>>> print(open('coords.cif').read())   # mmCIF, C-alpha atoms and all ligand atoms
data_upload
loop_
_atom_site.label_atom_id
_atom_site.label_comp_id
_atom_site.auth_asym_id
_atom_site.auth_seq_id
_atom_site.Cartn_x
_atom_site.Cartn_y
_atom_site.Cartn_z
CA MET A 1 12.75 -40.01 5.08
CA ASN A 2 9.94 -41.83 3.26
CA GLY A 3 6.91 -40.33 1.61
CA PRO A 4 5.57 -39.37 -1.80
CA HIS A 5 8.25 -38.33 -4.25
CA PHE A 6 7.85 -35.39 -6.64
CA ASP A 7 9.95 -33.89 -9.38
CA VAL A 8 9.29 -30.44 -7.92
CA ALA A 9 8.08 -29.38 -4.47
CA VAL A 10 6.98 -25.76 -4.13
CA ILE A 11 6.75 -24.37 -0.60
CA GLY A 12 4.11 -21.62 -0.48
CA GLY A 13 0.79 -21.51 -2.32
CA GLY A 14 0.86 -17.79 -2.98
CA ALA A 15 1.23 -15.85 -6.22
CA ALA A 16 4.76 -16.97 -7.09
CA GLY A 17 4.32 -20.55 -5.91
CA MET A 18 1.17 -21.13 -7.95
CA MET A 19 2.69 -19.64 -11.10
CA CYS A 20 5.79 -21.79 -10.70
CA ALA A 21 3.78 -24.95 -9.98
CA LEU A 22 1.51 -24.57 -13.00
CA THR A 23 4.44 -23.76 -15.31
CA ALA A 24 6.41 -26.80 -14.14
CA GLY A 25 3.28 -28.97 -14.32
CA GLN A 26 2.69 -27.89 -17.92
CA ARG A 27 6.14 -29.31 -18.72
CA GLY A 28 5.01 -32.66 -17.45
CA ARG A 29 6.78 -32.42 -14.13
CA LYS A 30 5.15 -34.05 -11.11
CA VAL A 31 4.60 -31.09 -8.79
CA ALA A 32 3.59 -30.73 -5.14
CA LEU A 33 2.35 -27.30 -4.03
CA ILE A 34 2.59 -27.08 -0.25
CA GLU A 35 0.62 -24.43 1.67
CA HIS A 36 0.05 -24.23 5.40
CA ASN A 37 -3.13 -22.14 5.18
CA ASP A 38 -6.45 -23.88 4.62
CA ARG A 39 -6.48 -22.49 1.08
CA VAL A 40 -4.07 -21.06 -1.45
CA GLY A 41 -3.69 -17.40 -2.42
CA LYS A 42 -4.90 -15.67 0.75
CA LYS A 43 -2.84 -12.56 0.04
CA ILE A 44 -4.16 -12.40 -3.50
CA ALA A 45 -7.68 -12.48 -2.06
CA ILE A 46 -7.27 -9.26 -0.06
CA SER A 47 -4.96 -7.52 -2.53
CA GLY A 48 -5.94 -4.34 -4.31
CA GLY A 49 -8.83 -3.80 -1.90
CA GLY A 50 -10.33 -7.17 -2.98
CA ARG A 51 -9.87 -6.48 -6.70
CA CYS A 52 -6.23 -7.57 -7.08
CA ASN A 53 -4.02 -5.09 -8.87
CA PHE A 54 -2.48 -8.04 -10.69
CA THR A 55 0.07 -6.25 -12.88
CA ASN A 56 1.18 -2.92 -14.33
CA THR A 57 1.73 -2.13 -18.00
CA GLY A 58 4.55 0.29 -17.10
CA ILE A 59 6.82 -2.38 -15.60
CA GLU A 60 10.50 -1.43 -15.71
CA PRO A 61 13.47 -2.64 -13.68
CA GLY A 62 13.72 0.90 -12.24
CA CYS A 63 10.43 0.29 -10.41
CA TYR A 64 12.10 -2.32 -8.19
CA LEU A 65 14.38 -1.91 -5.16
CA SER A 66 17.23 -4.35 -4.61
CA GLU A 67 20.92 -4.42 -3.76
CA ARG A 68 21.28 -5.50 -7.41
CA PRO A 69 18.48 -3.70 -9.28
CA ASP A 70 19.37 -5.28 -12.65
CA PHE A 71 18.72 -8.80 -11.40
CA CYS A 72 14.96 -8.61 -12.10
CA ARG A 73 15.46 -7.60 -15.74
CA SER A 74 15.72 -11.05 -17.30
CA ALA A 75 12.70 -12.70 -15.64
CA LEU A 76 10.51 -9.62 -16.19
CA ALA A 77 11.46 -9.56 -19.88
CA ARG A 78 10.68 -13.23 -20.40
CA TYR A 79 7.27 -13.27 -18.69
CA THR A 80 5.78 -9.80 -19.05
CA ALA A 81 2.68 -7.96 -17.88
CA TRP A 82 1.21 -8.72 -21.30
CA ASP A 83 1.75 -12.46 -20.83
CA PHE A 84 -0.20 -12.34 -17.59
CA ILE A 85 -2.90 -10.14 -19.12
CA ALA A 86 -3.26 -12.69 -21.95
CA LEU A 87 -3.80 -15.43 -19.33
CA VAL A 88 -6.41 -13.29 -17.57
CA GLU A 89 -8.18 -12.71 -20.90
CA ARG A 90 -8.09 -16.43 -21.78
CA HIS A 91 -10.00 -17.05 -18.55
CA GLY A 92 -12.57 -14.41 -19.43
CA ILE A 93 -11.79 -12.27 -16.39
CA ALA A 94 -12.95 -8.69 -16.85
CA TYR A 95 -10.38 -6.09 -15.84
CA HIS A 96 -9.61 -2.41 -16.19
CA GLU A 97 -6.77 0.06 -15.83
CA LYS A 98 -7.37 2.21 -12.77
CA LYS A 99 -4.48 4.67 -13.16
CA LEU A 100 -0.75 4.73 -13.87
CA GLY A 101 -0.84 1.41 -15.76
CA GLN A 102 -2.36 -0.46 -12.80
CA GLN A 103 -4.56 -3.39 -13.92
CA PHE A 104 -7.40 -4.47 -11.59
CA CYS A 105 -10.16 -7.09 -11.79
CA ASP A 106 -13.58 -5.56 -12.42
CA GLY A 107 -15.06 -8.16 -10.09
CA SER A 108 -13.04 -9.92 -7.42
CA SER A 109 -9.49 -11.07 -6.67
CA ARG A 110 -10.98 -14.52 -6.21
CA GLU A 111 -11.20 -14.79 -10.00
CA ILE A 112 -7.40 -14.62 -10.19
CA ILE A 113 -7.09 -17.33 -7.54
CA ALA A 114 -9.65 -19.51 -9.35
CA MET A 115 -7.72 -18.99 -12.59
CA LEU A 116 -4.43 -20.08 -11.03
CA GLU A 117 -6.09 -23.05 -9.31
CA ALA A 118 -7.66 -24.14 -12.61
CA GLU A 119 -4.30 -23.86 -14.39
CA CYS A 120 -2.61 -25.85 -11.61
CA ALA A 121 -5.31 -28.56 -11.77
CA ALA A 122 -5.06 -28.76 -15.57
CA ALA A 123 -1.30 -29.14 -15.26
CA GLY A 124 -1.71 -31.98 -12.75
CA VAL A 125 -0.28 -30.08 -9.78
CA GLU A 126 -1.06 -31.76 -6.44
CA THR A 127 -1.93 -29.12 -3.87
CA PHE A 128 -1.51 -29.85 -0.17
CA THR A 129 -3.22 -27.27 2.07
CA ASN A 130 -3.12 -27.25 5.90
CA CYS A 131 0.40 -28.54 5.36
CA ARG A 132 3.07 -26.67 7.27
CA VAL A 133 6.66 -27.19 6.27
CA GLN A 134 8.77 -27.66 9.36
CA ARG A 135 12.19 -28.62 8.09
CA VAL A 136 14.09 -29.38 4.93
CA GLU A 137 17.13 -31.59 4.44
CA LYS A 138 19.21 -32.44 1.40
CA THR A 139 20.55 -35.88 0.66
CA ASP A 140 20.59 -37.07 -2.95
CA ARG A 141 17.17 -35.37 -3.02
CA PHE A 142 15.29 -32.77 -0.96
CA CYS A 143 13.47 -34.20 2.08
CA ILE A 144 10.66 -32.00 3.35
CA ALA A 145 9.19 -32.61 6.80
CA THR A 146 5.65 -31.22 7.11
CA SER A 147 2.69 -31.35 9.47
CA ARG A 148 1.16 -33.83 6.98
CA GLY A 149 4.13 -36.15 6.73
CA GLU A 150 7.22 -36.31 4.64
CA PHE A 151 7.75 -35.49 0.99
CA THR A 152 10.81 -35.90 -1.17
CA ALA A 153 11.61 -33.97 -4.34
CA GLN A 154 14.30 -33.57 -6.94
CA SER A 155 13.88 -29.76 -7.05
CA LEU A 156 12.75 -27.51 -4.23
CA VAL A 157 11.23 -24.07 -4.86
CA ILE A 158 10.93 -21.67 -1.94
CA ALA A 159 7.96 -19.35 -2.46
CA SER A 160 7.03 -18.70 1.15
CA GLY A 161 6.83 -14.92 0.76
CA GLY A 162 7.96 -12.14 3.10
CA LEU A 163 7.20 -11.26 6.70
CA SER A 164 4.34 -8.82 6.23
CA PHE A 165 0.73 -9.59 7.18
CA ALA A 166 1.58 -12.65 9.32
CA LYS A 167 -2.14 -13.20 9.86
CA LEU A 168 -2.33 -14.31 6.22
CA GLY A 169 0.33 -16.95 6.66
CA ALA A 170 3.77 -15.29 6.52
CA THR A 171 6.50 -17.27 8.25
CA PRO A 172 10.29 -16.86 8.31
CA LEU A 173 10.76 -20.47 7.19
CA GLY A 174 12.02 -19.59 3.71
CA TYR A 175 14.71 -17.28 5.09
CA ASP A 176 15.78 -20.05 7.51
CA ILE A 177 16.07 -22.55 4.64
CA ALA A 178 18.09 -20.01 2.64
CA LYS A 179 20.51 -19.54 5.54
CA GLN A 180 20.69 -23.29 6.15
CA PHE A 181 22.05 -23.72 2.62
CA GLY A 182 24.54 -20.87 2.97
CA HIS A 183 22.59 -18.00 1.41
CA ARG A 184 22.97 -14.46 2.65
CA ILE A 185 19.80 -12.51 3.51
CA THR A 186 20.03 -8.77 2.83
CA PRO A 187 18.63 -6.57 5.64
CA LEU A 188 14.85 -7.00 5.91
CA ARG A 189 12.39 -4.19 6.67
CA PRO A 190 8.71 -3.42 6.22
CA ALA A 191 7.99 -1.52 2.98
CA LEU A 192 4.93 0.00 1.31
CA VAL A 193 3.94 0.80 4.86
CA PRO A 194 2.28 3.76 6.69
CA LEU A 195 4.61 6.02 8.69
CA THR A 196 3.89 7.31 12.19
CA PHE A 197 4.08 10.87 13.54
CA SER A 198 7.00 11.92 15.67
CA LYS A 199 6.09 14.02 18.74
CA PRO A 200 5.90 17.48 17.12
CA ASP A 201 3.51 16.25 14.40
CA GLU A 202 1.23 14.26 16.72
CA PRO A 203 -1.45 17.01 16.85
CA LEU A 204 -2.01 16.35 13.15
CA HIS A 205 -3.92 13.19 14.10
CA GLU A 206 -6.93 15.50 14.52
CA LEU A 207 -6.96 15.71 10.72
CA SER A 208 -7.33 11.95 10.42
CA GLY A 209 -9.27 10.96 7.32
CA LEU A 210 -8.18 13.93 5.19
CA ALA A 211 -6.47 13.21 1.88
CA LEU A 212 -4.63 15.50 -0.52
CA PRO A 213 -2.45 15.18 -3.63
CA VAL A 214 1.25 15.63 -2.88
CA VAL A 215 4.67 14.76 -4.25
CA THR A 216 6.82 12.88 -1.72
CA ARG A 217 10.62 12.90 -2.07
CA CYS A 218 13.29 10.89 -0.25
CA ASP A 219 16.67 9.40 -1.12
CA GLY A 220 16.43 10.35 -4.80
CA ALA A 221 12.92 8.88 -5.32
CA GLN A 222 9.72 10.84 -5.81
CA PHE A 223 6.04 9.93 -6.10
CA GLY A 224 3.11 12.15 -7.05
CA GLU A 225 0.02 10.57 -5.51
CA ALA A 226 -2.47 11.04 -2.68
CA MET A 227 -1.43 11.32 0.96
CA LEU A 228 -3.83 10.34 3.74
CA VAL A 229 -3.72 11.52 7.37
CA THR A 230 -4.41 8.72 9.87
CA HIS A 231 -4.75 8.60 13.66
CA ARG A 232 -1.14 7.44 13.95
CA GLY A 233 0.61 9.18 11.08
CA LEU A 234 0.55 9.43 7.30
CA SER A 235 -0.49 6.87 4.73
CA GLY A 236 -1.95 6.82 1.20
CA PRO A 237 -0.09 5.81 -1.98
CA ALA A 238 2.40 8.71 -1.92
CA ILE A 239 3.53 7.72 1.59
CA LEU A 240 3.48 3.95 1.03
CA GLN A 241 5.66 4.38 -2.05
CA ILE A 242 8.22 6.64 -0.40
CA SER A 243 8.29 4.46 2.75
CA SER A 244 10.35 1.91 0.79
CA TYR A 245 13.12 4.52 0.41
CA TRP A 246 12.91 6.04 3.89
CA ARG A 247 15.14 5.02 6.80
CA GLU A 248 14.83 5.88 10.52
CA GLY A 249 16.00 9.44 11.21
CA GLY A 250 15.47 10.50 7.59
CA VAL A 251 13.26 13.32 6.36
CA ILE A 252 10.61 13.08 3.64
CA LYS A 253 10.12 16.31 1.72
CA MET A 254 6.54 16.85 0.63
CA ASP A 255 5.31 19.17 -2.08
CA LEU A 256 1.85 20.15 -0.85
CA LEU A 257 1.15 22.13 -4.04
CA PRO A 258 2.09 19.75 -6.87
CA ASP A 259 -0.34 21.42 -9.28
CA ALA A 260 1.39 24.36 -11.02
CA ARG A 261 -1.95 26.20 -11.13
CA ALA A 262 -1.90 26.35 -7.33
CA ILE A 263 1.31 28.38 -7.40
CA GLU A 264 -0.18 30.73 -9.98
CA SER A 265 -3.27 31.26 -7.86
CA LEU A 266 -1.10 32.00 -4.80
CA LEU A 267 0.94 34.54 -6.75
CA ARG A 268 -2.26 36.20 -8.00
CA ALA A 269 -3.82 36.20 -4.52
CA ARG A 270 -0.80 38.00 -3.12
CA ALA A 271 -2.07 41.24 -4.56
CA THR A 272 -5.46 40.83 -2.88
CA GLY A 273 -6.71 40.91 0.69
CA ARG A 274 -7.18 37.14 0.80
CA ASP A 275 -5.53 35.08 3.49
CA LEU A 276 -3.36 32.04 2.84
CA PRO A 277 -5.67 29.31 4.21
CA SER A 278 -8.53 30.37 1.96
CA VAL A 279 -6.30 30.21 -1.14
CA LEU A 280 -4.79 26.86 -0.11
CA ALA A 281 -8.28 25.49 0.52
CA GLU A 282 -8.83 25.53 -3.23
CA TRP A 283 -6.10 22.87 -3.51
CA MET A 284 -6.34 20.90 -0.28
CA PRO A 285 -8.96 20.25 2.42
CA ARG A 286 -9.73 23.46 4.35
CA ARG A 287 -8.98 21.86 7.72
CA PHE A 288 -5.55 20.77 6.52
CA ALA A 289 -4.86 24.27 5.16
CA ASP A 290 -5.90 25.87 8.48
CA ALA A 291 -3.78 23.49 10.56
CA TRP A 292 -0.74 23.86 8.30
CA CYS A 293 -0.93 27.66 8.25
CA ALA A 294 -1.41 27.86 12.03
CA ARG A 295 1.92 26.03 12.45
CA HIS A 296 3.97 27.39 9.59
CA ALA A 297 2.75 30.71 8.16
CA PRO A 298 2.30 34.32 9.38
CA ALA A 299 -1.32 34.94 10.43
CA LYS A 300 -2.16 37.87 8.18
CA PRO A 301 -3.55 38.54 4.70
CA LEU A 302 -1.17 37.63 1.89
CA VAL A 303 -0.93 41.25 0.84
CA HIS A 304 0.89 41.99 4.14
CA PHE A 305 3.47 39.21 3.69
CA LYS A 306 6.97 40.61 3.24
CA GLN A 307 8.65 39.19 0.13
CA ARG A 308 10.89 37.03 2.32
CA GLU A 309 7.92 35.69 4.31
CA PHE A 310 6.08 34.87 1.11
CA ASP A 311 9.08 33.15 -0.45
CA ASP A 312 9.81 31.15 2.70
CA THR A 313 6.18 30.05 3.06
CA LEU A 314 5.99 29.01 -0.56
CA ALA A 315 9.28 27.12 -0.26
CA LEU A 316 7.93 25.32 2.81
CA LEU A 317 4.70 24.42 1.03
CA ARG A 318 6.74 22.93 -1.80
CA ALA A 319 9.17 21.01 0.39
CA TRP A 320 7.48 20.45 3.73
CA PRO A 321 9.82 18.28 5.82
CA PHE A 322 8.08 15.32 7.42
CA LEU A 323 10.17 13.42 9.98
CA PRO A 324 8.39 10.12 10.70
CA ALA A 325 9.00 8.36 14.01
CA ARG A 326 8.84 4.85 12.52
CA THR A 327 6.94 2.60 10.15
CA GLU A 328 3.79 0.83 11.27
CA GLY A 329 5.72 -2.42 10.87
CA TYR A 330 5.09 -5.79 9.25
CA PRO A 331 1.42 -6.06 10.33
CA LYS A 332 0.61 -3.06 8.10
CA ALA A 333 3.31 -3.43 5.42
CA GLU A 334 2.31 -4.66 1.96
CA VAL A 335 5.74 -6.15 1.37
CA THR A 336 9.10 -6.98 2.90
CA LEU A 337 12.09 -5.09 1.54
CA GLY A 338 15.26 -7.17 1.17
CA GLY A 339 15.52 -10.93 1.09
CA VAL A 340 17.62 -13.70 -0.39
CA ASP A 341 20.71 -12.07 -1.89
CA THR A 342 20.40 -12.17 -5.68
CA ALA A 343 24.18 -12.42 -6.07
CA GLU A 344 23.79 -16.10 -5.20
CA LEU A 345 20.90 -16.78 -7.63
CA SER A 346 20.67 -17.16 -11.40
CA SER A 347 18.68 -14.26 -12.82
CA LYS A 348 17.42 -16.50 -15.63
CA THR A 349 16.16 -19.41 -13.55
CA MET A 350 16.13 -18.23 -9.89
CA GLU A 351 18.22 -21.31 -9.08
CA SER A 352 20.67 -21.20 -6.22
CA ARG A 353 24.32 -20.96 -7.24
CA ARG A 354 25.16 -22.68 -3.96
CA LEU A 355 22.88 -25.70 -4.25
CA PRO A 356 21.62 -26.87 -7.65
CA GLY A 357 17.94 -27.82 -7.56
CA LEU A 358 17.07 -25.16 -4.98
CA PHE A 359 15.11 -22.11 -6.23
CA PHE A 360 13.83 -18.90 -4.63
CA ILE A 361 10.97 -16.89 -6.17
CA GLY A 362 8.60 -14.05 -5.35
CA GLU A 363 8.81 -11.76 -2.37
CA ILE A 364 11.41 -13.80 -0.48
CA VAL A 365 14.01 -12.65 -3.02
CA ASP A 366 15.72 -9.28 -2.57
CA ILE A 367 13.49 -7.66 -5.20
CA THR A 368 10.77 -5.28 -4.03
CA GLY A 369 8.42 -3.47 -6.37
CA TRP A 370 6.60 -0.18 -6.16
CA LEU A 371 2.95 -0.06 -5.25
CA GLY A 372 0.69 -0.71 -8.24
CA GLY A 373 0.90 -4.32 -9.44
CA TYR A 374 4.71 -4.48 -9.57
CA ASN A 375 5.03 -7.03 -6.79
CA PHE A 376 2.58 -9.49 -8.31
CA GLN A 377 4.32 -9.15 -11.66
CA TRP A 378 7.60 -10.04 -9.97
CA ALA A 379 5.87 -13.07 -8.41
CA TRP A 380 4.49 -14.17 -11.83
CA SER A 381 7.77 -13.53 -13.70
CA SER A 382 10.11 -15.14 -11.16
CA GLY A 383 7.66 -18.03 -10.65
CA HIS A 384 7.51 -18.61 -14.38
CA ALA A 385 11.31 -18.45 -14.72
CA ALA A 386 11.79 -21.19 -12.11
CA GLY A 387 8.82 -23.21 -13.37
CA GLU A 388 10.42 -23.46 -16.79
CA VAL A 389 13.49 -25.29 -15.50
CA ALA A 390 12.76 -26.78 -12.06
C1 LIG A 401 -2.83 -6.05 2.03
C2 LIG A 401 -1.96 -6.32 0.83
C3 LIG A 401 -2.37 -5.91 -0.41
C4 LIG A 401 -1.54 -6.13 -1.54
N1 LIG A 401 -1.99 -5.72 -2.76
C5 LIG A 401 -1.17 -5.91 -3.85
C6 LIG A 401 -1.63 -5.54 -5.14
O1 LIG A 401 -2.79 -5.14 -5.33
N2 LIG A 401 -0.75 -5.68 -6.19
C7 LIG A 401 0.52 -6.19 -6.02
O2 LIG A 401 1.27 -6.30 -7.00
N3 LIG A 401 0.95 -6.59 -4.80
C8 LIG A 401 0.13 -6.47 -3.72
N4 LIG A 401 0.56 -6.90 -2.49
C9 LIG A 401 1.87 -7.58 -2.41
C10 LIG A 401 1.70 -9.04 -2.90
O3 LIG A 401 0.60 -9.62 -2.24
C11 LIG A 401 2.96 -9.86 -2.62
O4 LIG A 401 4.09 -9.20 -3.11
C12 LIG A 401 2.84 -11.24 -3.25
O5 LIG A 401 1.73 -11.92 -2.72
C13 LIG A 401 4.10 -12.05 -3.05
O6 LIG A 401 3.88 -13.33 -3.58
P1 LIG A 401 4.64 -14.59 -2.96
O7 LIG A 401 4.04 -15.77 -3.65
O8 LIG A 401 6.08 -14.37 -3.00
O9 LIG A 401 4.22 -14.60 -1.42
P2 LIG A 401 2.78 -14.84 -0.77
O10 LIG A 401 1.70 -14.47 -1.71
O11 LIG A 401 2.83 -14.17 0.56
O12 LIG A 401 2.69 -16.42 -0.58
C14 LIG A 401 3.51 -17.12 0.33
C15 LIG A 401 2.74 -18.34 0.79
O13 LIG A 401 3.61 -19.19 1.53
C16 LIG A 401 2.88 -19.74 2.61
N5 LIG A 401 3.81 -20.18 3.66
C17 LIG A 401 4.61 -19.40 4.42
N6 LIG A 401 5.30 -20.17 5.28
C18 LIG A 401 4.93 -21.46 5.04
C19 LIG A 401 5.30 -22.71 5.64
N7 LIG A 401 6.19 -22.79 6.64
N8 LIG A 401 4.72 -23.84 5.19
C20 LIG A 401 3.81 -23.79 4.17
N9 LIG A 401 3.42 -22.63 3.58
C21 LIG A 401 3.99 -21.47 4.03
C22 LIG A 401 1.98 -18.58 3.03
O14 LIG A 401 0.86 -19.01 3.78
C23 LIG A 401 1.59 -17.97 1.69
O15 LIG A 401 0.39 -18.52 1.18
C24 LIG A 401 -0.27 -6.73 -1.39
C25 LIG A 401 0.13 -7.17 -0.12
C26 LIG A 401 -0.71 -6.99 0.99
C27 LIG A 401 -0.25 -7.47 2.34
#
>>> encode(input="coords.cif", output="C-alpha cells", more="lines below")
Ligand SMILES: Cc1cc2nc3c(=O)[nH]c(=O)nc-3n(C[C@H](O)[C@H](O)[C@H](O)COP(=O)(O)OP(=O)(O)OC[C@H]3O[C@@H](n4cnc5c(N)ncnc54)[C@H](O)[C@@H]3O)c2cc1C
Amino acid sequence: MNGPHFDVAVIGGGAAGMMCALTAGQRGRKVALIEHNDRVGKKIAISGGGRCNFTNTGIEPGCYLSERPDFCRSALARYTAWDFIALVERHGIAYHEKKLGQQFCDGSSREIIAMLEAECAAAGVETFTNCRVQRVEKTDRFCIATSRGEFTAQSLVIASGGLSFAKLGATPLGYDIAKQFGHRITPLRPALVPLTFSKPDEPLHELSGLALPVVTRCDGAQFGEAMLVTHRGLSGPAILQISSYWREGGVIKMDLLPDARAIESLLRARATGRDLPSVLAEWMPRRFADAWCARHAPAKPLVHFKQREFDDTLALLRAWPFLPARTEGYPKAEVTLGGVDTAELSSKTMESRRLPGLFFIGEIVDITGWLGGYNFQWAWSSGHAAGEVA
C-alpha cells in the first residue's frame, strides 16, 4: 500500500481517540486521527444531556466492570479526574458538580470537544473526517485502507468505541481488527440501558413519566438513585446502573422506601385509621402508590392489617422483585459491556501483548464504568496511557 505515513494512526475520533492523539502529538509524534463521521466527538456532544458529565471525583477501580477489574487501576492512577479537570480549567470551561462527584459543563458539551480539538491542533495532529476505515493489514508497518485512500503507520491505536448508539457512528470494526490479530473479545452486551416490562408488569406503563427514589439491587451491586417509569419499562439512573449487573432471567430487588423516615412514618400510621396508599404518597407519587398497593397490599386501613400482613407488605416494599423481560438494546444503551480481553493488553500502555505497536483504548476494551462520568474518565486515562508510548 502507498499513502501518507504517520508515526501513529488513531482509528476513532471520539473521547479516547482524541486524548490519545493529542498526547502522542505533544511528544512530537506525527499523528493521524481517523474518523468516519463528518466531525469528531459526536458522542461527547450529546453526553450528559448536552452538558457532558466529563469525569467523576469519586473514581475508583470498583466503579468499573470487567473480567479483570484491576486492569483499569494503573491508567486511572496515572491520568486522574483531577488531571482532566485541570485541563478543563486551563481552557476556561465553567463546570460544576451535579451530585455524587459528577462533573458537568455549565454550558455545553461542545466546549469539551472544542478543547480537545484545540489541543490536537496545537500538538500537530492531522484529523481526517469522513474517512471510514475499511481494513487493516500488518507488514513491517500498519497499512490502513480507508474511504479516503491508504495510510501507513508505525503504531495503530484502535479507539472505535462500542456498539451502542450506532446512529452516532458505532461500528464493529475495532472488534474485527482485534480478532484479526488474535485477540479474544469477552461477551458483549448493552449496559447502562433501560429495561423492559415482562408481561405481568406491562400495566405499569400507565404510570409512564413517574419518578421515585429507590435502591436497586442485583448480583451484589446496589444503587440508590431515581427510577423512572417509561412506556416500555423502567429507566432512570438507578435502573441504568443496575442494568450493567443484570442478566436475562434475573430479578432486580427494589427498595421503594430507601428513606428511613418513610419506615418510621409507616410504623406510626399503623396505629391510625390511615390507609397505606396515603402514607406511601408522602414518599412516592400518589399514582405509583395506588397502583402498587392495588397489586400487592390488602385493601384496608393499616390499623386492620394483621402483624403478618404488615410485615409482609413492608418486606415487599423494601425488596420489590422486578423481573425485566430484556434490555432496550444497543440503540438505547449508553455503553457496551465487555470488549477486548484485558489479559492480552498491557495495563500500563494499552499495547497488545500479541502484536507490538497495536493499542486498544476507551470503550472497546473490556472495562465498563458506572453512570456518572466514569466512562469518559476511562477514555481519557486509557487514551493518555497509550498516547504516552505509541
Ligand atoms: C447518550 C449517551 C450519553 C452519554 N453520556 C455520558 C456522560 O455524560 N459521561 C460519561 O462518562 N459517559 C457518557 N457516555 C458514554 C461515553 O460517551 C463513552 O463511554 C465514550 O464516548 C467512549 O469513548 P470512545 O472514544 O471509546 O468511543 P466513542 O466516543 O464512541 O468514539 C468512537 C469513534 O470511532 C468512530 N468510528 C467507529 N468506527 C469507525 C470506522 N470504521 N472508521 C472510522 N471511525 C470509526 C466513531 O464514529 C466514533 O466517533 C454516554 C453515552 C451515550 C450513548
>>> residues_near_point(input="coords.cif", point="(-5.0, -3.5, -9.7)", cutoff="8 Å", atoms="all atoms listed in the file", output="NGL selection string")
:A and (48 or 51-56 or 97-98 or 102-105 or 372-373)
>>> residues_around(input="coords.cif", residues="Leu355 in chain A", least_positions_apart="3", cutoff="9 Å", atoms="all atoms listed in the file", output="list in words")
Phe181, Gly182, Glu351, Ser352, Leu358 and Phe359 of chain A
>>> atom_distance(input="coords.cif", atom1="CA of Pro331 in chain A", atom2="CA of Phe165 in chain A")
4.8 Å
>>> residues_around(input="coords.cif", residues="Met284 in chain A", least_positions_apart="2", cutoff="9 Å", atoms="all atoms listed in the file", output="CSV table (one decimal) with C-alpha atoms, in the frame of the given file")
chain,number,residue,atom,x,y,z
A,211,ALA,CA,-6.5,13.2,1.9
A,212,LEU,CA,-4.6,15.5,-0.5
A,213,PRO,CA,-2.4,15.2,-3.6
A,256,LEU,CA,1.8,20.2,-0.8
A,257,LEU,CA,1.2,22.1,-4.0
A,280,LEU,CA,-4.8,26.9,-0.1
A,281,ALA,CA,-8.3,25.5,0.5
A,282,GLU,CA,-8.8,25.5,-3.2
A,286,ARG,CA,-9.7,23.5,4.4
A,287,ARG,CA,-9.0,21.9,7.7
A,288,PHE,CA,-5.6,20.8,6.5
A,289,ALA,CA,-4.9,24.3,5.2
>>> axis_aligned_box(input="coords.cif", around="range 23-30 of chain A", padding_each_side="8 Å", output="lines of an AutoDock Vina configuration file")
center_x = 4.7
center_y = -28.9
center_z = -14.9
size_x = 20.1
size_y = 26.3
size_z = 23.6
>>> closest_atom_pairs(input="coords.cif", of="chain A", to="ligand LIG 401 (chain A)", cutoff="7 Å", atoms="only C-alpha atoms and all ligand atoms", output="CSV")
residue,atom,partner,partner_atom,distance
A:Ile11,CA,A:LIG401,N9,5.6
A:Gly12,CA,A:LIG401,O13,3.2
A:Gly13,CA,A:LIG401,O15,4.6
A:Gly14,CA,A:LIG401,O12,3.3
A:Ala15,CA,A:LIG401,O7,3.8
A:Ala16,CA,A:LIG401,O7,3.7
A:Gly17,CA,A:LIG401,O7,5.3
A:Ile34,CA,A:LIG401,C20,5.6
A:Glu35,CA,A:LIG401,N9,3.8
A:His36,CA,A:LIG401,C20,4.0
A:Asn37,CA,A:LIG401,O14,5.3
A:Val40,CA,A:LIG401,O15,5.8
A:Gly41,CA,A:LIG401,O15,5.6
A:Lys42,CA,A:LIG401,O15,6.0
A:Lys43,CA,A:LIG401,O3,5.1
A:Ile44,CA,A:LIG401,O3,5.7
A:Ile46,CA,A:LIG401,C1,5.9
A:Ser47,CA,A:LIG401,N1,3.5
A:Gly48,CA,A:LIG401,O1,3.4
A:Gly49,CA,A:LIG401,C3,7.0
A:Cys52,CA,A:LIG401,O1,4.6
A:Asn53,CA,A:LIG401,O1,3.7
A:Phe54,CA,A:LIG401,N2,5.4
A:Thr55,CA,A:LIG401,O2,6.0
A:Cys131,CA,A:LIG401,C20,6.0
A:Arg132,CA,A:LIG401,N8,3.9
A:Val133,CA,A:LIG401,N8,4.0
A:Gln134,CA,A:LIG401,N7,6.1
A:Ala159,CA,A:LIG401,O8,5.4
A:Ser160,CA,A:LIG401,O13,3.5
A:Gly161,CA,A:LIG401,O9,3.4
A:Gly162,CA,A:LIG401,O11,6.1
A:Ser164,CA,A:LIG401,C27,6.2
A:Phe165,CA,A:LIG401,C27,5.4
A:Leu168,CA,A:LIG401,O14,6.2
A:Gly169,CA,A:LIG401,O14,3.6
A:Ala170,CA,A:LIG401,C17,4.7
A:Thr171,CA,A:LIG401,N6,4.3
A:Pro172,CA,A:LIG401,N6,6.7
A:Leu173,CA,A:LIG401,N7,5.2
A:Gly174,CA,A:LIG401,N6,6.9
A:Ala333,CA,A:LIG401,C27,6.2
A:Glu334,CA,A:LIG401,C27,3.8
A:Val335,CA,A:LIG401,C9,5.6
A:Ile361,CA,A:LIG401,O8,6.3
A:Gly362,CA,A:LIG401,O8,3.5
A:Glu363,CA,A:LIG401,O8,3.8
A:Ile364,CA,A:LIG401,O8,5.9
A:Leu371,CA,A:LIG401,C7,6.6
A:Gly372,CA,A:LIG401,N2,5.6
A:Gly373,CA,A:LIG401,O2,3.2
A:Tyr374,CA,A:LIG401,O2,4.7
A:Asn375,CA,A:LIG401,O2,3.8
A:Phe376,CA,A:LIG401,O2,3.7
A:Gln377,CA,A:LIG401,O2,6.3
A:Ala379,CA,A:LIG401,O6,5.2
>>> residues_around(input="coords.cif", residues="Thr342 in chain A", least_positions_apart="2", cutoff="12 Å", atoms="all atoms listed in the file", output="number ranges by chain")
A: 65-72, 178, 183-186, 338-340, 344-354, 359-362, 364-368
>>> residues_around(input="coords.cif", residues="Val31 in chain A", least_positions_apart="3", cutoff="7 Å", atoms="only C-alpha atoms", output="list in words")
Phe6, Asp7, Val8, Ala9, Ala21, Gly25, Val125 and Glu126 of chain A
>>> closest_residue(input="coords.cif", among="A:Ile144, A:Ala294, A:Ala118, A:Val389", to="Leu204 in chain A", atoms="all atoms listed in the file")
A:Ala294
>>> atom_distance(input="coords.cif", atom1="CA of Gln180 in chain A", atom2="CA of Arg148 in chain A")
22.2 Å
